[in-house]
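**Student:** Structure incoming, see below.
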Amino acid sequence: MFVGFLCAVSAISTKALAAEAEIVTYKEMCDASAAVALDKDHFVVGDDEMNTLRIYKRGQSSSIKQVDLSKFLDTKPDKESDLEGAARIGDTIYWISSHGTNKDGKVQDRRRRFFATTVDTTSSPPGLKPIGAAYSKLVENLSSDPRFAKYKLAEAATKPPKTNGAFNIEGLADGGNNKLLIGFRNPLPENKALVVTLENPTDLIEGKGEAKFGNPIELDLKGRGVRSIEKVGGSYLIVAGPYDGKKDFVLFRWSVKESGEGIEKLETPAMNALFPEAMFEIPGTGEVQVLSDDGSLTVGAGECKDAPRNEQAFRSVILKP
């Protein structure tokens, strides 16, 4: 169904299959995996295949600014850190990588990064710059906390990320009171999604001690893990999907943060056309923008993520849940 879809990226938008929302295409990357609104009209996107953040103006297909993080993350430009989640608190945007192995099960330090950027609201459009230092000990901190012993996270962190019981982070959200919620795609304990509160994100960026966590929370997302999580009003929206590469995405609302209760499935047929892995609230609108990781779609004779940069693109829809 998607063969050749992205070849004609000059046509910025097409109608969604379910006519619920319009699908808009943005260029220069395929694997949109983390995103945050900078203001009502601009947003920044991270790609799990590279370490460059791209800033877009909504409805304009090409990026208007880029921020190369390779040096800051201590990686080579062609060696990605597998960025998977982002959350904004004030003018600070926190970013998290998968913290999993590569596809072959090899542990790579560059995939264990938690870091922050600050938003420059004085420039137009807004800009970004990294702050503090990247933190790389979340796996060790979680594994040594007795409250997480039953999840066997140290062992999970040695498995290929799309195998059952592996370690794979994909969601990050404002947890209130300057805390963050970390959402796991994998593992799925007793077929539930794991969410962990990071209680001291600012300390980590400032190099003050090690990570502190709240009690683990298990969410019944019907056998799916967290692919993106976003605080919207007094509740959270969660894009949920399988731990492997299968296509079975659902949007849930989670209204009781202190427990795994208050889960409601939302009907969003426009998402059926996508591989959603990033989501953020558009300020002042009550709407959320959902981005698709389109790296596996066909472009020319191969996959989008292997195509030249000027032929790469990802799709997006705006929903009002």
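Following the order of the structure tokens, chains are lettered A, B, ..., residues in each are numbered from 1, and ligands are numbered from 1.
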Skip Leu194 (chain A) itself and residues of its chain fewer than 5 positions away, then list as an MDAnalysis selection string all residues within 7 Å of it, counting only C-alpha atoms.
**Tutor:** chainID A and resid 183:184 188 216:219
**Student:** Keeping all heavy atoms for every residue in the selection just given, could you write it to a file as a PDB file, in the first residue's frame?
**Tutor:**
```pdb
ATOM      1  N   GLY A 183       8.626   6.074  29.369  1.00  0.00           N
ATOM      2  CA  GLY A 183       7.764   5.005  28.880  1.00  0.00           C
ATOM      3  C   GLY A 183       8.557   3.957  28.118  1.00  0.00           C
ATOM      4  O   GLY A 183       9.344   4.286  27.229  1.00  0.00           O
ATOM      5  N   PHE A 184       8.341   2.701  28.440  1.00  0.00           N
ATOM      6  CA  PHE A 184       9.066   1.593  27.837  1.00  0.00           C
ATOM      7  C   PHE A 184       8.247   0.920  26.742  1.00  0.00           C
ATOM      8  O   PHE A 184       7.067   0.596  26.930  1.00  0.00           O
ATOM      9  CB  PHE A 184       9.421   0.541  28.891  1.00  0.00           C
ATOM     10  CG  PHE A 184      10.548   0.932  29.805  1.00  0.00           C
ATOM     11  CD1 PHE A 184      10.363   1.904  30.787  1.00  0.00           C
ATOM     12  CD2 PHE A 184      11.791   0.346  29.688  1.00  0.00           C
ATOM     13  CE1 PHE A 184      11.400   2.271  31.636  1.00  0.00           C
ATOM     14  CE2 PHE A 184      12.840   0.705  30.526  1.00  0.00           C
ATOM     15  CZ  PHE A 184      12.643   1.669  31.499  1.00  0.00           C
ATOM     16  N   LEU A 188       7.540  -6.014  28.530  1.00  0.00           N
ATOM     17  CA  LEU A 188       6.114  -5.929  28.830  1.00  0.00           C
ATOM     18  C   LEU A 188       5.796  -6.922  29.951  1.00  0.00           C
ATOM     19  O   LEU A 188       5.367  -8.045  29.712  1.00  0.00           O
ATOM     20  CB  LEU A 188       5.280  -6.265  27.581  1.00  0.00           C
ATOM     21  CG  LEU A 188       5.359  -5.285  26.416  1.00  0.00           C
ATOM     22  CD1 LEU A 188       4.609  -5.830  25.208  1.00  0.00           C
ATOM     23  CD2 LEU A 188       4.786  -3.932  26.813  1.00  0.00           C
ATOM     24  N   PRO A 216       7.653   1.711  40.126  1.00  0.00           N
ATOM     25  CA  PRO A 216       7.247   1.338  38.763  1.00  0.00           C
ATOM     26  C   PRO A 216       5.727   1.330  38.624  1.00  0.00           C
ATOM     27  O   PRO A 216       4.998   1.008  39.568  1.00  0.00           O
ATOM     28  CB  PRO A 216       7.826  -0.070  38.588  1.00  0.00           C
ATOM     29  CG  PRO A 216       8.003  -0.590  39.981  1.00  0.00           C
ATOM     30  CD  PRO A 216       8.327   0.610  40.828  1.00  0.00           C
ATOM     31  N   ILE A 217       5.260   1.718  37.448  1.00  0.00           N
ATOM     32  CA  ILE A 217       3.833   1.726  37.130  1.00  0.00           C
ATOM     33  C   ILE A 217       3.620   0.822  35.921  1.00  0.00           C
ATOM     34  O   ILE A 217       4.362   0.906  34.936  1.00  0.00           O
ATOM     35  CB  ILE A 217       3.339   3.147  36.817  1.00  0.00           C
ATOM     36  CG1 ILE A 217       3.598   4.081  38.002  1.00  0.00           C
ATOM     37  CG2 ILE A 217       1.854   3.143  36.458  1.00  0.00           C
ATOM     38  CD1 ILE A 217       3.354   5.551  37.686  1.00  0.00           C
ATOM     39  N   GLU A 218       2.630  -0.052  35.998  1.00  0.00           N
ATOM     40  CA  GLU A 218       2.318  -0.950  34.891  1.00  0.00           C
ATOM     41  C   GLU A 218       0.954  -0.580  34.312  1.00  0.00           C
ATOM     42  O   GLU A 218      -0.032  -0.500  35.045  1.00  0.00           O
ATOM     43  CB  GLU A 218       2.336  -2.407  35.361  1.00  0.00           C
ATOM     44  CG  GLU A 218       3.701  -2.856  35.853  1.00  0.00           C
ATOM     45  CD  GLU A 218       3.706  -4.277  36.382  1.00  0.00           C
ATOM     46  OE1 GLU A 218       2.656  -4.962  36.282  1.00  0.00           O
ATOM     47  OE2 GLU A 218       4.750  -4.711  36.915  1.00  0.00           O
ATOM     48  N   LEU A 219       0.915  -0.349  32.991  1.00  0.00           N
ATOM     49  CA  LEU A 219      -0.306   0.079  32.312  1.00  0.00           C
ATOM     50  C   LEU A 219      -0.831  -1.024  31.411  1.00  0.00           C
ATOM     51  O   LEU A 219      -0.068  -1.623  30.636  1.00  0.00           O
ATOM     52  CB  LEU A 219      -0.023   1.324  31.471  1.00  0.00           C
ATOM     53  CG  LEU A 219       0.549   2.548  32.181  1.00  0.00           C
ATOM     54  CD1 LEU A 219       0.742   3.681  31.180  1.00  0.00           C
ATOM     55  CD2 LEU A 219      -0.348   2.991  33.321  1.00  0.00           C
TER      56      LEU A 219
END
```
**Student:** Taking 6 positions as the minimum chain separation for residues in the same chain, which residues sit within 12 Å of Asp82 (chain A) when counting only C-alpha atoms? Answer as number ranges by chain.
**Tutor:** A: 31-34, 46-52, 70, 73, 75, 95-103, 108-114, 161, 168-170
**Student:** Rank A:Pro321, A:Pro126, A:Gly214, A:Gly284 by their smallest atom-to-atom distance to Ser235 (chain A), using only C-alpha atoms, and report the top residue only.
**Tutor:**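 Result for the nearest residue to Ser235 (chain A): A:Pro321.
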**Student:** Counting only C-alpha atoms, figure out which residue out of A:Leu319, A:Val195, A:Val24, A:Leu83 gets nearest to Glu281 (chain A).
**Tutor:**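 Checking each of A:Leu319, A:Val195, A:Val24, A:Leu83 against Glu281 (chain A), counting only C-alpha atoms, the winner is A:Leu319.
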**Student:** Just checking: using only C-alpha atoms, which residue out of A:Gly300, A:Gly132, A:Pro283, A:Gly105 ends up closest to Thr202 (chain A)?
**Tutor:** A:Gly132
**Student:** Please provide as JSON, numbers by chain all residues within 7 Å of Ala133 (chain A), with the sequence filter that same-chain residues fewer than 6 positions apart are discarded (counting only C-alpha atoms).
**Tutor:** {"A": [115, 205, 206, 207]}
**Student:** Where in region 134-294 of chain A does DSSP assign alpha helix (DSSP H), given as a PDB file with all heavy atoms, in the first residue's frame?
**Tutor:**
```pdb
ATOM      1  N   LEU A 138      21.488   5.401  33.247  1.00  0.00           N
ATOM      2  CA  LEU A 138      20.111   5.042  33.611  1.00  0.00           C
ATOM      3  C   LEU A 138      19.924   3.532  33.727  1.00  0.00           C
ATOM      4  O   LEU A 138      19.218   3.055  34.630  1.00  0.00           O
ATOM      5  CB  LEU A 138      19.133   5.602  32.575  1.00  0.00           C
ATOM      6  CG  LEU A 138      18.835   7.099  32.631  1.00  0.00           C
ATOM      7  CD1 LEU A 138      17.868   7.478  31.520  1.00  0.00           C
ATOM      8  CD2 LEU A 138      18.264   7.502  33.988  1.00  0.00           C
ATOM      9  N   VAL A 139      20.518   2.768  32.822  1.00  0.00           N
ATOM     10  CA  VAL A 139      20.360   1.310  32.873  1.00  0.00           C
ATOM     11  C   VAL A 139      20.923   0.769  34.180  1.00  0.00           C
ATOM     12  O   VAL A 139      20.284  -0.036  34.874  1.00  0.00           O
ATOM     13  CB  VAL A 139      21.042   0.638  31.667  1.00  0.00           C
ATOM     14  CG1 VAL A 139      21.013  -0.885  31.821  1.00  0.00           C
ATOM     15  CG2 VAL A 139      20.351   1.026  30.375  1.00  0.00           C
ATOM     16  N   GLU A 140      22.126   1.209  34.543  1.00  0.00           N
ATOM     17  CA  GLU A 140      22.741   0.756  35.789  1.00  0.00           C
ATOM     18  C   GLU A 140      21.920   1.180  37.006  1.00  0.00           C
ATOM     19  O   GLU A 140      21.739   0.386  37.953  1.00  0.00           O
ATOM     20  CB  GLU A 140      24.162   1.315  35.907  1.00  0.00           C
ATOM     21  CG  GLU A 140      25.150   0.741  34.911  1.00  0.00           C
ATOM     22  CD  GLU A 140      25.156   1.482  33.586  1.00  0.00           C
ATOM     23  OE1 GLU A 140      24.209   2.254  33.321  1.00  0.00           O
ATOM     24  OE2 GLU A 140      26.106   1.279  32.813  1.00  0.00           O
ATOM     25  N   ASN A 141      21.422   2.404  37.004  1.00  0.00           N
ATOM     26  CA  ASN A 141      20.630   2.902  38.132  1.00  0.00           C
ATOM     27  C   ASN A 141      19.329   2.120  38.296  1.00  0.00           C
ATOM     28  O   ASN A 141      18.951   1.765  39.422  1.00  0.00           O
ATOM     29  CB  ASN A 141      20.329   4.375  37.957  1.00  0.00           C
ATOM     30  CG  ASN A 141      21.556   5.266  37.935  1.00  0.00           C
ATOM     31  OD1 ASN A 141      21.540   6.347  37.361  1.00  0.00           O
ATOM     32  ND2 ASN A 141      22.666   4.824  38.535  1.00  0.00           N
ATOM     33  N   LEU A 142      18.651   1.845  37.206  1.00  0.00           N
ATOM     34  CA  LEU A 142      17.416   1.062  37.274  1.00  0.00           C
ATOM     35  C   LEU A 142      17.691  -0.369  37.725  1.00  0.00           C
ATOM     36  O   LEU A 142      16.961  -0.939  38.540  1.00  0.00           O
ATOM     37  CB  LEU A 142      16.718   1.052  35.914  1.00  0.00           C
ATOM     38  CG  LEU A 142      15.954   2.310  35.527  1.00  0.00           C
ATOM     39  CD1 LEU A 142      15.651   2.316  34.029  1.00  0.00           C
ATOM     40  CD2 LEU A 142      14.657   2.419  36.326  1.00  0.00           C
ATOM     41  N   SER A 143      18.754  -0.955  37.175  1.00  0.00           N
ATOM     42  CA  SER A 143      19.073  -2.352  37.469  1.00  0.00           C
ATOM     43  C   SER A 143      19.448  -2.567  38.927  1.00  0.00           C
ATOM     44  O   SER A 143      19.229  -3.648  39.487  1.00  0.00           O
ATOM     45  CB  SER A 143      20.222  -2.826  36.573  1.00  0.00           C
ATOM     46  OG  SER A 143      19.888  -2.712  35.209  1.00  0.00           O
ATOM     47  N   SER A 144      20.015  -1.553  39.577  1.00  0.00           N
ATOM     48  CA  SER A 144      20.445  -1.695  40.967  1.00  0.00           C
ATOM     49  C   SER A 144      19.358  -1.334  41.975  1.00  0.00           C
ATOM     50  O   SER A 144      19.540  -1.519  43.181  1.00  0.00           O
ATOM     51  CB  SER A 144      21.680  -0.820  41.219  1.00  0.00           C
ATOM     52  OG  SER A 144      21.365   0.559  41.050  1.00  0.00           O
ATOM     53  N   LEU A 153      16.172  -6.024  34.375  1.00  0.00           N
ATOM     54  CA  LEU A 153      16.528  -5.026  33.367  1.00  0.00           C
ATOM     55  C   LEU A 153      17.975  -5.129  32.903  1.00  0.00           C
ATOM     56  O   LEU A 153      18.288  -4.815  31.751  1.00  0.00           O
ATOM     57  CB  LEU A 153      16.231  -3.625  33.900  1.00  0.00           C
ATOM     58  CG  LEU A 153      14.744  -3.340  34.166  1.00  0.00           C
ATOM     59  CD1 LEU A 153      14.556  -1.931  34.708  1.00  0.00           C
ATOM     60  CD2 LEU A 153      13.909  -3.532  32.900  1.00  0.00           C
ATOM     61  N   ALA A 154      18.885  -5.551  33.779  1.00  0.00           N
ATOM     62  CA  ALA A 154      20.272  -5.718  33.354  1.00  0.00           C
ATOM     63  C   ALA A 154      20.367  -6.775  32.261  1.00  0.00           C
ATOM     64  O   ALA A 154      21.073  -6.601  31.258  1.00  0.00           O
ATOM     65  CB  ALA A 154      21.143  -6.099  34.552  1.00  0.00           C
ATOM     66  N   GLU A 155      19.652  -7.870  32.428  1.00  0.00           N
ATOM     67  CA  GLU A 155      19.623  -8.919  31.405  1.00  0.00           C
ATOM     68  C   GLU A 155      18.898  -8.434  30.154  1.00  0.00           C
ATOM     69  O   GLU A 155      19.335  -8.676  29.020  1.00  0.00           O
ATOM     70  CB  GLU A 155      18.933 -10.169  31.956  1.00  0.00           C
ATOM     71  CG  GLU A 155      18.799 -11.300  30.948  1.00  0.00           C
ATOM     72  CD  GLU A 155      18.012 -12.483  31.499  1.00  0.00           C
ATOM     73  OE1 GLU A 155      17.781 -12.535  32.729  1.00  0.00           O
ATOM     74  OE2 GLU A 155      17.615 -13.352  30.698  1.00  0.00           O
ATOM     75  N   ALA A 156      17.781  -7.712  30.361  1.00  0.00           N
ATOM     76  CA  ALA A 156      17.007  -7.197  29.219  1.00  0.00           C
ATOM     77  C   ALA A 156      17.853  -6.294  28.342  1.00  0.00           C
ATOM     78  O   ALA A 156      17.705  -6.283  27.105  1.00  0.00           O
ATOM     79  CB  ALA A 156      15.781  -6.446  29.725  1.00  0.00           C
ATOM     80  N   PRO A 201      15.621  14.897  37.025  1.00  0.00           N
ATOM     81  CA  PRO A 201      16.258  15.109  35.710  1.00  0.00           C
ATOM     82  C   PRO A 201      17.232  16.282  35.681  1.00  0.00           C
ATOM     83  O   PRO A 201      18.289  16.206  35.033  1.00  0.00           O
ATOM     84  CB  PRO A 201      15.075  15.345  34.768  1.00  0.00           C
ATOM     85  CG  PRO A 201      13.954  15.790  35.642  1.00  0.00           C
ATOM     86  CD  PRO A 201      14.155  15.056  36.928  1.00  0.00           C
ATOM     87  N   THR A 202      16.910  17.365  36.382  1.00  0.00           N
ATOM     88  CA  THR A 202      17.803  18.530  36.379  1.00  0.00           C
ATOM     89  C   THR A 202      19.152  18.190  36.999  1.00  0.00           C
ATOM     90  O   THR A 202      20.205  18.596  36.489  1.00  0.00           O
ATOM     91  CB  THR A 202      17.155  19.706  37.133  1.00  0.00           C
ATOM     92  OG1 THR A 202      15.901  20.026  36.525  1.00  0.00           O
ATOM     93  CG2 THR A 202      18.054  20.929  37.089  1.00  0.00           C
ATOM     94  N   ASP A 203      19.135  17.421  38.090  1.00  0.00           N
ATOM     95  CA  ASP A 203      20.395  17.021  38.723  1.00  0.00           C
ATOM     96  C   ASP A 203      21.289  16.265  37.747  1.00  0.00           C
ATOM     97  O   ASP A 203      22.513  16.471  37.717  1.00  0.00           O
ATOM     98  CB  ASP A 203      20.121  16.129  39.939  1.00  0.00           C
ATOM     99  CG  ASP A 203      19.536  16.892  41.112  1.00  0.00           C
ATOM    100  OD1 ASP A 203      19.588  18.137  41.099  1.00  0.00           O
ATOM    101  OD2 ASP A 203      19.014  16.241  42.038  1.00  0.00           O
ATOM    102  N   LEU A 204      20.694  15.384  36.959  1.00  0.00           N
ATOM    103  CA  LEU A 204      21.486  14.563  36.035  1.00  0.00           C
ATOM    104  C   LEU A 204      22.160  15.434  34.979  1.00  0.00           C
ATOM    105  O   LEU A 204      23.334  15.230  34.645  1.00  0.00           O
ATOM    106  CB  LEU A 204      20.605  13.509  35.370  1.00  0.00           C
ATOM    107  CG  LEU A 204      19.865  12.547  36.301  1.00  0.00           C
ATOM    108  CD1 LEU A 204      19.209  11.446  35.506  1.00  0.00           C
ATOM    109  CD2 LEU A 204      20.795  11.977  37.360  1.00  0.00           C
ATOM    110  N   ILE A 205      21.432  16.404  34.460  1.00  0.00           N
ATOM    111  CA  ILE A 205      21.991  17.286  33.440  1.00  0.00           C
ATOM    112  C   ILE A 205      23.106  18.151  34.023  1.00  0.00           C
ATOM    113  O   ILE A 205      24.088  18.471  33.345  1.00  0.00           O
ATOM    114  CB  ILE A 205      20.876  18.168  32.828  1.00  0.00           C
ATOM    115  CG1 ILE A 205      19.795  17.301  32.185  1.00  0.00           C
ATOM    116  CG2 ILE A 205      21.460  19.146  31.824  1.00  0.00           C
ATOM    117  CD1 ILE A 205      20.307  16.286  31.179  1.00  0.00           C
TER     118      ILE A 205
END
```
**Student:** Quick one: pull the distance between CA of Ser61 (chain A) and CA of Lys27 (chain A), Å, one decimal.
**Tutor:**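 Distance between the two atoms: 5.6 Å.
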**Student:** Pick from A:Glu311, A:Asp248, A:Asp91, A:Asp104: nearest to Thr118 (chain A), with only C-alpha atoms counted?
**Tutor:**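 Among the listed residues, the smallest separation from Thr118 (chain A) belongs to A:Asp91.
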**Student:** Give me, as a PyMOL selection string, all polymer residues having an atom no more than 7 Å from Asp294 (chain A), counting only C-alpha atoms and skipping those fewer than 2 positions away in the same chain.
**Tutor:** chain A and resi 30-31+275+292+296-297+304+314
**Student:** Could you check how far CA of Leu291 (chain A) sits from CA of Tyr243 (chain A), in Å to one decimal?
**Tutor:** 18.1 Å
**Student:** Any idea what's packed within 7 Å of Gln312 (chain A), counting only C-alpha atoms, ignoring anything in its chain fewer than 2 positions away? Could you give it as JSON, numbers by chain?
**Tutor:** {"A": [27, 28, 29, 30, 304, 305, 307, 308, 309, 310]}
**Student:** Give me every strand (DSSP E or B) residue in region 41-213 of chain A, going by DSSP on the backbone, as an MDAnalysis selection string.
**Tutor:** chainID A and resid 42:47 52:57 65:68 83:89 92:97 114:120 127:135 168:176 179:186 193:198 213
**Student:** A:Gly233, A:Gly127, A:Pro242, A:Gly176: which is nearest Thr163 (chain A), counting only C-alpha atoms?
**Tutor:**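 Ranking A:Gly233, A:Gly127, A:Pro242, A:Gly176 by distance to Thr163 (chain A), first place goes to A:Pro242.
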